[in-house]
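Engineer: Contents of start25.cif (mmCIF, C-alpha atoms) are given next:
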data_start
loop_
_atom_site.label_atom_id
_atom_site.label_comp_id
_atom_site.auth_asym_id
_atom_site.auth_seq_id
_atom_site.Cartn_x
_atom_site.Cartn_y
_atom_site.Cartn_z
CA MET A 206 -78.33 -30.01 -90.60
CA GLN A 207 -79.22 -29.02 -87.05
CA ALA A 208 -81.47 -31.39 -85.10
CA LYS A 209 -82.88 -31.80 -81.60
CA LEU A 210 -82.54 -35.26 -80.06
CA PHE A 211 -85.16 -36.45 -77.54
CA ASP A 212 -85.21 -39.63 -75.47
CA LYS A 213 -89.05 -39.95 -75.52
CA GLN A 214 -89.05 -39.68 -71.74
CA SER A 215 -89.05 -35.91 -71.29
CA SER A 216 -89.07 -32.60 -73.15
CA LYS A 217 -85.36 -32.15 -72.62
CA HIS A 218 -83.27 -32.44 -75.78
CA LYS A 219 -79.69 -32.47 -76.98
CA GLU A 220 -78.47 -30.28 -79.80
CA SER A 221 -77.08 -32.47 -82.58
CA GLU A 222 -76.13 -32.51 -86.24
CA LEU A 223 -77.78 -34.77 -88.79
CA THR A 224 -76.37 -35.84 -92.16
CA PHE A 225 -77.33 -38.39 -94.82
CA GLN A 226 -74.66 -40.84 -95.96
CA ASN A 227 -75.58 -43.44 -98.58
CA ASP A 228 -78.28 -45.57 -96.93
CA SER A 229 -77.66 -44.36 -93.40
CA LEU A 230 -78.27 -41.39 -91.16
CA LEU A 231 -75.38 -39.99 -89.18
CA LEU A 232 -76.21 -38.15 -85.98
CA LYS A 233 -73.44 -36.28 -84.22
CA VAL A 234 -74.15 -35.65 -80.53
CA GLY A 235 -71.26 -33.83 -78.91
CA ASP A 236 -68.16 -35.88 -79.68
CA GLU A 237 -70.19 -39.01 -80.45
CA THR A 238 -71.40 -39.98 -83.92
CA ARG A 239 -74.28 -42.47 -84.18
CA THR A 240 -75.29 -44.38 -87.30
CA TYR A 241 -78.86 -45.43 -88.16
CA PRO A 242 -79.79 -47.52 -91.24
CA LEU A 243 -82.44 -45.66 -93.27
CA ASN A 244 -84.59 -48.77 -93.61
CA GLU A 245 -84.99 -48.76 -89.82
CA VAL A 246 -85.81 -45.05 -89.54
CA THR A 247 -89.31 -43.57 -89.82
CA PHE A 248 -89.98 -40.03 -91.05
CA SER A 249 -93.18 -38.22 -90.05
CA GLU A 250 -95.42 -36.81 -92.77
CA ARG A 251 -94.69 -33.26 -93.84
CA LEU A 252 -97.23 -30.74 -92.55
CA GLY A 253 -96.57 -27.26 -93.85
CA ASN A 254 -93.42 -25.90 -92.25
CA MET A 255 -93.88 -27.72 -88.96
CA PRO A 256 -90.74 -29.47 -87.61
CA ARG A 257 -90.33 -33.00 -88.98
CA SER A 258 -89.95 -35.88 -86.54
CA ILE A 259 -87.49 -38.65 -87.33
CA TYR A 260 -87.95 -41.80 -85.28
CA LEU A 261 -84.48 -43.28 -84.94
CA SER A 262 -85.23 -46.12 -82.54
CA LYS A 263 -87.70 -47.16 -79.87
CA THR A 264 -86.14 -44.71 -77.44
CA GLU A 265 -84.84 -41.91 -79.69
CA VAL A 266 -86.51 -39.32 -81.86
CA CYS A 267 -85.13 -36.11 -83.32
CA GLU A 268 -86.77 -33.03 -84.77
CA VAL A 269 -85.50 -31.05 -87.73
CA GLN A 270 -86.76 -27.80 -89.22
CA ASP A 271 -85.31 -28.05 -92.74
CA ASN A 272 -88.12 -29.94 -94.47
CA ALA A 273 -86.88 -29.11 -97.96
CA PHE A 274 -83.53 -30.75 -97.24
CA ILE A 275 -85.21 -33.88 -95.84
CA ASP A 276 -87.48 -34.14 -98.90
CA SER A 277 -84.52 -33.69 -101.22
CA GLU A 278 -82.47 -36.43 -99.55
CA LEU A 279 -85.39 -38.84 -99.42
CA LYS A 280 -86.21 -38.17 -103.07
CA LYS A 281 -82.63 -39.01 -104.08
CA ARG A 282 -83.00 -42.38 -102.43
CA GLY A 283 -86.50 -43.08 -103.73
CA LEU A 284 -87.98 -42.88 -100.24
CA LEU A 285 -90.26 -39.86 -100.72
CA LYS A 286 -93.80 -41.24 -100.59
CA GLY A 287 -97.30 -39.88 -101.18
CA SER A 288 -97.00 -37.33 -98.40
CA GLN A 289 -95.43 -34.96 -100.92
CA PHE A 290 -98.72 -34.85 -102.80
CA ILE A 291 -100.59 -33.90 -99.63
CA TYR A 292 -98.06 -31.19 -98.90
CA HIS A 293 -98.44 -29.88 -102.44
CA LEU A 294 -102.20 -29.51 -101.92
CA GLU A 295 -101.70 -27.84 -98.55
CA SER A 296 -99.16 -25.34 -99.80
CA LYS A 297 -101.03 -24.05 -102.89
CA SER A 298 -103.63 -21.32 -102.35
CA ILE A 299 -105.40 -22.33 -105.58
CA TYR A 300 -106.77 -25.39 -103.80
CA ILE A 301 -108.17 -23.47 -100.82
CA LEU A 302 -111.57 -22.52 -102.31
CA PRO A 303 -112.34 -25.99 -103.74
CA ALA A 304 -111.27 -27.59 -100.46
CA LEU A 305 -113.45 -25.15 -98.53
CA ALA A 306 -116.41 -25.84 -100.79
CA VAL A 307 -116.02 -29.60 -100.36
CA THR A 308 -115.71 -29.18 -96.59
CA ILE A 309 -118.88 -27.05 -96.40
CA LEU A 310 -120.75 -29.58 -98.55
CA MET A 311 -119.66 -32.47 -96.35
CA VAL A 312 -120.65 -30.60 -93.19
CA PHE A 313 -124.04 -29.77 -94.71
CA ILE A 314 -124.67 -33.40 -95.70
CA PHE A 315 -123.67 -34.56 -92.23
CA ILE A 316 -125.90 -32.07 -90.39
CA LYS A 317 -128.85 -32.28 -92.78
CA TYR A 318 -129.00 -36.01 -93.41
CA ILE A 319 -126.49 -38.21 -91.60
CA LEU A 320 -126.88 -36.69 -88.12
CA PRO A 321 -130.72 -36.77 -88.00
CA TYR A 322 -130.81 -40.29 -89.44
CA SER A 323 -128.23 -41.57 -86.96
CA ALA A 324 -129.91 -39.79 -84.05
CA GLU A 325 -133.24 -41.41 -84.91
CA LYS A 326 -131.78 -44.91 -85.08
CA ILE A 327 -129.88 -44.49 -81.83
CA ALA A 328 -132.85 -42.91 -80.01
CA TYR A 329 -134.96 -45.99 -80.67
CA ALA A 330 -132.11 -48.18 -79.39
CA VAL A 331 -131.95 -46.42 -76.02
CA PRO A 332 -133.33 -48.83 -73.38
CA GLN A 333 -136.46 -47.80 -71.47
CA SER A 334 -134.46 -47.91 -68.22
CA VAL A 335 -132.29 -45.11 -69.58
CA ALA A 336 -135.36 -43.16 -70.75
CA VAL A 337 -136.83 -43.40 -67.24
CA LYS A 338 -133.58 -42.18 -65.72
CA ILE A 339 -133.49 -39.24 -68.14
CA GLY A 340 -137.16 -38.34 -67.61
CA THR A 341 -137.00 -38.47 -63.82
CA GLY A 342 -133.80 -36.48 -63.62
CA THR A 343 -135.00 -33.89 -66.13
CA LEU A 344 -138.25 -33.24 -64.26
CA GLN A 345 -136.38 -32.91 -60.95
CA THR A 346 -134.05 -30.37 -62.52
CA LEU A 347 -136.91 -28.37 -64.03
CA ASP A 348 -138.75 -28.36 -60.69
CA LYS A 349 -135.69 -26.81 -59.09
CA LEU A 350 -135.07 -24.22 -61.80
CA VAL A 351 -138.28 -23.00 -63.46
CA LEU A 352 -141.33 -25.03 -62.47
CA LYS A 353 -143.52 -24.49 -59.41
CA PRO A 354 -146.39 -26.54 -57.94
CA SER A 355 -149.61 -26.18 -59.88
CA LYS A 356 -152.17 -23.69 -58.60
CA LEU A 357 -155.07 -25.20 -60.53
CA GLU A 358 -158.04 -26.45 -58.57
CA ALA A 359 -157.87 -30.16 -57.78
CA ASN A 360 -161.15 -30.93 -59.56
CA LYS A 361 -159.88 -29.22 -62.74
CA LYS A 362 -156.68 -31.27 -62.75
CA GLU A 363 -158.66 -34.45 -62.08
CA GLU A 364 -161.07 -33.65 -64.92
CA ILE A 365 -158.24 -33.14 -67.41
CA THR A 366 -156.40 -36.23 -66.19
CA LEU A 367 -159.48 -38.42 -66.63
CA THR A 368 -160.11 -37.20 -70.17
CA PHE A 369 -156.41 -37.68 -70.94
CA LYS A 370 -156.51 -41.28 -69.70
CA LYS A 371 -159.64 -41.92 -71.79
CA MET A 372 -157.84 -40.65 -74.90
CA ALA A 373 -154.75 -42.73 -74.02
CA THR A 374 -156.76 -45.97 -74.10
CA HIS A 375 -156.58 -45.77 -77.91
CA ILE A 376 -152.78 -45.63 -77.84
CA HIS A 377 -150.50 -48.66 -77.90
CA ASP A 378 -146.79 -49.48 -78.07
CA LEU A 379 -145.77 -46.62 -75.78
CA PRO A 380 -144.30 -46.38 -72.30
CA PRO A 381 -146.84 -45.66 -69.52
CA LEU A 382 -148.11 -42.11 -70.01
CA HIS A 383 -148.22 -39.78 -67.00
CA LEU A 384 -149.62 -36.25 -66.93
CA VAL A 385 -148.33 -33.70 -64.41
CA PHE A 386 -149.25 -30.05 -63.88
CA ARG A 387 -146.91 -27.23 -63.01
CA SER A 388 -147.08 -23.46 -62.68
CA ALA A 389 -144.43 -21.68 -64.73
CA LYS A 390 -144.75 -17.92 -65.22
CA LYS A 391 -141.27 -17.68 -66.74
CA VAL A 392 -142.06 -20.45 -69.22
CA GLY A 393 -145.62 -19.38 -69.95
CA ALA A 394 -148.21 -21.44 -71.82
CA ASN A 395 -146.35 -24.63 -72.58
CA ALA A 396 -146.40 -28.39 -72.58
CA PHE A 397 -143.51 -30.75 -73.19
CA ALA A 398 -142.93 -34.48 -73.19
CA LEU A 399 -140.13 -36.31 -71.39
CA PRO A 400 -138.58 -39.51 -72.75
CA ASP A 401 -140.08 -41.73 -70.04
CA GLY A 402 -143.70 -40.94 -71.00
CA THR A 403 -144.27 -37.99 -68.65
CA ILE A 404 -146.04 -34.95 -70.08
CA VAL A 405 -145.70 -31.64 -68.25
CA MET A 406 -148.48 -29.11 -68.80
CA THR A 407 -148.36 -25.60 -67.36
CA ASP A 408 -151.28 -23.89 -65.66
CA GLU A 409 -150.89 -21.04 -68.11
CA LEU A 410 -151.73 -23.30 -71.05
CA VAL A 411 -154.76 -24.76 -69.27
CA LEU A 412 -156.06 -21.27 -68.54
CA LEU A 413 -155.50 -20.23 -72.15
CA ALA A 414 -157.65 -23.07 -73.53
CA ASP A 415 -161.41 -22.59 -73.87
CA ASN A 416 -162.23 -26.28 -73.41
CA ASN A 417 -160.77 -29.71 -72.68
CA GLN A 418 -160.71 -30.63 -76.37
CA GLU A 419 -158.11 -27.96 -77.03
CA ILE A 420 -156.06 -29.25 -74.11
CA LEU A 421 -156.35 -32.84 -75.32
CA SER A 422 -155.21 -31.83 -78.81
CA VAL A 423 -152.00 -30.40 -77.32
CA LEU A 424 -151.52 -33.56 -75.24
CA ALA A 425 -151.98 -35.68 -78.37
CA HIS A 426 -149.21 -33.66 -80.00
CA GLU A 427 -146.94 -34.27 -77.00
CA ILE A 428 -147.66 -37.99 -77.18
CA GLY A 429 -146.38 -37.78 -80.75
CA HIS A 430 -143.07 -36.48 -79.41
CA ILE A 431 -142.88 -39.46 -77.02
CA LYS A 432 -143.82 -41.93 -79.73
CA ASN A 433 -141.05 -40.69 -82.02
CA ARG A 434 -138.39 -40.25 -79.30
CA HIS A 435 -138.02 -36.59 -80.23
CA ALA A 436 -136.46 -35.38 -76.96
CA ILE A 437 -133.61 -37.87 -77.17
CA ARG A 438 -133.22 -37.33 -80.91
CA MET A 439 -133.02 -33.58 -80.38
CA PHE A 440 -130.42 -33.97 -77.67
CA LEU A 441 -128.30 -36.30 -79.78
CA GLN A 442 -128.41 -33.91 -82.72
CA ASN A 443 -127.72 -30.78 -80.71
CA SER A 444 -124.83 -32.34 -78.85
CA ALA A 445 -123.30 -33.82 -82.02
CA MET A 446 -124.02 -37.26 -80.57
CA LEU A 447 -121.37 -37.10 -77.87
CA VAL A 448 -123.32 -39.65 -75.87
CA VAL A 449 -123.90 -42.15 -78.67
CA LEU A 450 -121.70 -44.88 -77.28
CA THR A 451 -122.80 -44.52 -73.68
CA THR A 452 -126.51 -44.58 -74.44
CA LEU A 453 -126.10 -47.74 -76.48
CA THR A 454 -124.51 -49.56 -73.56
CA GLY A 455 -127.78 -49.67 -71.64
CA ASP A 456 -126.05 -48.41 -68.50
CA ALA A 457 -128.53 -46.07 -66.80
CA THR A 458 -125.74 -44.25 -64.99
CA THR A 459 -124.55 -42.81 -68.30
CA ALA A 460 -127.81 -40.88 -68.61
CA SER A 461 -126.48 -38.17 -66.28
CA THR A 462 -125.10 -36.25 -69.27
CA VAL A 463 -128.51 -36.14 -70.91
CA VAL A 464 -130.22 -35.19 -67.65
CA ALA A 465 -127.91 -32.22 -67.28
CA ALA A 466 -128.54 -30.86 -70.78
CA LEU A 467 -132.11 -31.83 -71.66
CA PRO A 468 -133.99 -29.37 -69.38
CA THR A 469 -132.44 -26.36 -71.09
CA MET A 470 -133.06 -27.85 -74.52
CA LEU A 471 -136.73 -28.53 -73.75
CA ILE A 472 -137.32 -25.00 -72.51
CA GLU A 473 -135.07 -22.94 -74.81
CA SER A 474 -134.48 -25.05 -77.91
CA SER A 475 -136.91 -25.78 -80.69
CA PHE A 476 -137.81 -28.97 -82.44
CA SER A 477 -137.14 -28.96 -86.15
CA ARG A 478 -140.03 -28.61 -88.55
CA ASP A 479 -139.67 -32.26 -89.46
CA LEU A 480 -140.04 -33.37 -85.83
CA GLU A 481 -143.00 -31.05 -85.27
CA SER A 482 -144.61 -32.39 -88.42
CA GLU A 483 -144.17 -35.96 -87.17
CA ALA A 484 -145.79 -35.04 -83.85
CA ASP A 485 -148.64 -33.24 -85.66
CA ASP A 486 -149.35 -36.26 -87.85
CA TYR A 487 -149.46 -38.53 -84.82
CA ALA A 488 -151.71 -36.07 -82.95
CA MET A 489 -154.08 -36.06 -85.91
CA GLN A 490 -154.28 -39.86 -85.79
CA VAL A 491 -154.91 -39.93 -82.02
CA MET A 492 -157.58 -37.21 -82.23
CA LYS A 493 -159.44 -39.04 -84.99
CA GLU A 494 -159.39 -42.30 -83.01
CA SER A 495 -160.63 -40.46 -79.92
CA GLY A 496 -163.39 -38.57 -81.71
CA ILE A 497 -161.81 -35.15 -81.16
CA GLU A 498 -162.38 -32.73 -84.00
CA LEU A 499 -159.15 -31.56 -85.59
CA HIS A 500 -160.01 -27.87 -85.51
CA TYR A 501 -159.46 -27.81 -81.74
CA PHE A 502 -155.72 -28.07 -82.27
CA ALA A 503 -155.84 -25.26 -84.81
CA ASP A 504 -157.88 -23.18 -82.34
CA ILE A 505 -155.35 -23.48 -79.50
CA MET A 506 -152.48 -22.88 -81.90
CA GLN A 507 -154.13 -19.67 -83.08
CA LYS A 508 -154.53 -18.51 -79.47
CA LEU A 509 -150.85 -19.13 -78.91
CA SER A 510 -150.03 -17.32 -82.14
CA ALA A 511 -152.16 -14.33 -81.20
CA GLY A 512 -150.25 -14.00 -77.92
CA ARG A 513 -146.84 -14.37 -79.43
CA GLU A 514 -145.58 -11.05 -78.13
CA GLU A 515 -146.80 -11.71 -74.58
CA ASP A 516 -144.38 -13.24 -72.11
CA GLU A 517 -147.02 -15.48 -70.56
CA VAL A 518 -147.97 -17.05 -73.88
CA GLY A 519 -145.23 -16.50 -76.43
CA LYS A 520 -142.71 -18.73 -74.70
CA TYR A 521 -144.54 -21.69 -76.21
CA PHE A 522 -142.82 -20.81 -79.48
CA SER A 523 -139.40 -21.53 -78.00
CA SER A 524 -140.06 -25.26 -78.01
CA HIS A 525 -143.00 -25.49 -80.42
CA PRO A 526 -142.54 -23.20 -83.44
CA ILE A 527 -145.94 -22.41 -84.90
CA THR A 528 -146.43 -21.98 -88.63
CA SER A 529 -149.50 -21.10 -90.63
CA SER A 530 -149.15 -24.34 -92.57
CA ARG A 531 -149.40 -26.37 -89.36
CA ILE A 532 -152.56 -24.54 -88.35
CA LYS A 533 -154.09 -24.87 -91.81
CA LYS A 534 -153.48 -28.65 -91.81
CA PHE A 535 -155.84 -29.02 -88.84
CA GLN A 536 -158.44 -26.65 -90.24
CA ASN A 537 -159.04 -28.66 -93.42
#
Would you mind writing the file's structure down as structure tokens?
Structural biologist:
Amino acid sequence: MQAKLFDKQSSKHKESELTFQNDSLLLKVGDETRTYPLNEVTFSERLGNMPRSIYLSKTEVCEVQDNAFIDSELKKRGLLKGSQFIYHLESKSIYILPALAVTILMVFIFIKYILPYSAEKIAYAVPQSVAVKIGTGTLQTLDKLVLKPSKLEANKKEEITLTFKKMATHIHDLPPLHLVFRSAKKVGANAFALPDGTIVMTDELVLLADNNQEILSVLAHEIGHIKNRHAIRMFLQNSAMLVVLTTLTGDATTASTVVAALPTMLIESSFSRDLESEADDYAMQVMKESGIELHYFADIMQKLSAGREEDEVGKYFSSHPITSSRIKKFQN
């Protein structure tokens, strides 16, 4: 049987001839014949019709193409192990559909249950120093790409900030909350929370609201996102948790990956219904504690819904999908 002999140091090989003899392998290389005891030789698992690797020693390995012959010789000597069963499954088309169904089911379970659960646990384990690094870097990136300085009058921003701070006095067990205003025509009426406790509100959303209560209801919702670590959870889920290990180390320098990806996710991606529901429930709690009637949140949501087709307003849906059930919950 023809074989290619490699020295494990390069891709160069020598053409050789391999034969089985009793409990040994004979390898003829040119005029030289080498003998290798079978109990010291390792055969790679069979994978379809891919060449089989035979590890002869620490420095020698050969490849052969005739898998059927190798299996036959190993079977004669009682050395054919469970790999034959795997090959049998791989080579029969009758197993393709069941295998595909099992694979799809496993992927569904991972995405639907395991990934969100793991992302939640890991998000709460991320140190505050990392959250600050992510929040600061994300806001700097957004300021460069899509956000502009606010054009609201100073007294209007101060008025909203004071009412926001008054509402925040009822909130505990959170990082320091900080409200900032930005103009963002491309983003439209929007507000989003960063992991460090910063909430960005656009001028367009302030102008859309009829009163401060509507604005505060949106801010209460954003606080819910901070409370439940939604930004980090969303990033971990959307990136298939590529940064799981680095975020758990507590090394703030590893946050650069999140900083690079989170701005786009906050602007273009959407929270899941479950995450929005969590934020809504928390907003409801904060509004009740602050004496803000719940219908104000439904009112601003309806305004956003009515302007869904308008560029200046509809962009809010990209990161905050609105449903009639969410509105109805705050009307009751």
Engineer: Smallest atom-to-atom distance to A:Gln345: which of A:Lys326, A:Leu399, A:Glu268, A:Gly235, using only C-alpha atoms?
Structural biologist: A:Leu399
Engineer: Translate the PyMOL selection byres ((chain A and resi 254) around 9), as applied to the file shown, into an explicit residue set as JSON, numbers by chain.
Structural biologist: {"A": [251, 252, 253, 255, 256, 257, 270, 271, 272]}
Engineer: Find the residues near A:Leu243: any atom within 10 Å, counting only C-alpha atoms, skip ones fewer than 2 places away on the same chain, and give them as a ChimeraX atom specification.
Structural biologist: /A:225-231,240-241,245-248,261,279,282,284
Engineer: I need the chosen residues saved as a CSV table (one decimal), in the frame of the given file, with C-alpha atoms.
Structural biologist:
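Now in result.csv:
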chain,number,residue,atom,x,y,z
A,225,PHE,CA,-77.3,-38.4,-94.8
A,226,GLN,CA,-74.7,-40.8,-96.0
A,227,ASN,CA,-75.6,-43.4,-98.6
A,228,ASP,CA,-78.3,-45.6,-96.9
A,229,SER,CA,-77.7,-44.4,-93.4
A,230,LEU,CA,-78.3,-41.4,-91.2
A,231,LEU,CA,-75.4,-40.0,-89.2
A,240,THR,CA,-75.3,-44.4,-87.3
A,241,TYR,CA,-78.9,-45.4,-88.2
A,245,GLU,CA,-85.0,-48.8,-89.8
A,246,VAL,CA,-85.8,-45.0,-89.5
A,247,THR,CA,-89.3,-43.6,-89.8
A,248,PHE,CA,-90.0,-40.0,-91.0
A,261,LEU,CA,-84.5,-43.3,-84.9
A,279,LEU,CA,-85.4,-38.8,-99.4
A,282,ARG,CA,-83.0,-42.4,-102.4
A,284,LEU,CA,-88.0,-42.9,-100.2
Engineer: Can you translate the PyMOL selection byres ((chain A and resi 488) around 9) into the concrete residues it hits in this file, as a ChimeraX atom specification?
Structural biologist: /A:422-429,483-487,489-493,502
Engineer: Quick check on the file I pasted: which residues fall under the PyMOL selection byres ((chain A and resi 207-219) around 10)? Write them as a list in words.
Structural biologist: Met206, Glu220, Ser221, Glu222, Leu223, Thr224, Leu232, Lys233, Val234, Gly235, Pro256, Arg257, Ser258, Ile259, Tyr260, Leu261, Ser262, Lys263, Thr264, Glu265, Val266, Cys267, Glu268, Val269, Gln270 and Asp271 of chain A
Engineer: What does the structure give for the distance between atom CA of A:Ala503 and atom CA of A:Phe535, in Å to one decimal?
Structural biologist: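 If I compute the distance from atom CA of A:Ala503 to atom CA of A:Phe535, I get 5.5 Å.
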Engineer: Just the number, please: distance in Å from atom CA of A:Ile505 to atom CA of A:Val351, one decimal.
Structural biologist: 23.4 Å
Engineer: Near A:Ser355, within 8 Å and counting only C-alpha atoms, which residues show up once chain neighbours fewer than 4 positions away are dropped, as a list of chain:residue names?
Structural biologist: A:Phe386, A:Arg387, A:Ser388, A:Thr407, A:Asp408
Engineer: What is the distance between atom CA of A:Ala389 and atom CA of A:Lys353, in Å to one decimal?
Structural biologist: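 Taking atom CA of A:Ala389 and atom CA of A:Lys353, their separation equals 6.1 Å.
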Engineer: Looking at A:Lys391, A:Lys362, A:Lys317, A:Lys370, which one is nearest to A:Leu350, with distances taken over all atoms listed in the file?
Structural biologist: A:Lys391
Engineer: Quick one: everything within 6 Å of stretch 320-324 of chain A, counting only C-alpha atoms, minus sequence neighbours fewer than 4 positions away in the same chain. Send it as a list in words.
Structural biologist: Phe315, Ile316, Ala328, Arg438 and Leu441 of chain A
Engineer: I need the residues from that last selection saved to file as an mmCIF file, in the coordinates of the input (with C-alpha atoms), if you can.
Structural biologist:
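Result went into again.cif, see below:
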data_model
loop_
_atom_site.group_PDB
_atom_site.id
_atom_site.type_symbol
_atom_site.label_atom_id
_atom_site.label_comp_id
_atom_site.auth_asym_id
_atom_site.auth_seq_id
_atom_site.Cartn_x
_atom_site.Cartn_y
_atom_site.Cartn_z
ATOM 1 C CA PHE A 315 -123.670 -34.560 -92.230
ATOM 2 C CA ILE A 316 -125.900 -32.070 -90.390
ATOM 3 C CA ALA A 328 -132.850 -42.910 -80.010
ATOM 4 C CA ARG A 438 -133.220 -37.330 -80.910
ATOM 5 C CA LEU A 441 -128.300 -36.300 -79.780
#
Engineer: With 8 Å of padding per side, what axis-aligned box (centre and edge lengths, Å, one decimal) covers all the listed atoms of stretch 217-227 of chain A? Give it as lines of an AutoDock Vina configuration file.
Structural biologist:
center_x = -80.0
center_y = -36.9
center_z = -85.6
size_x = 26.7
size_y = 29.2
size_z = 42.0
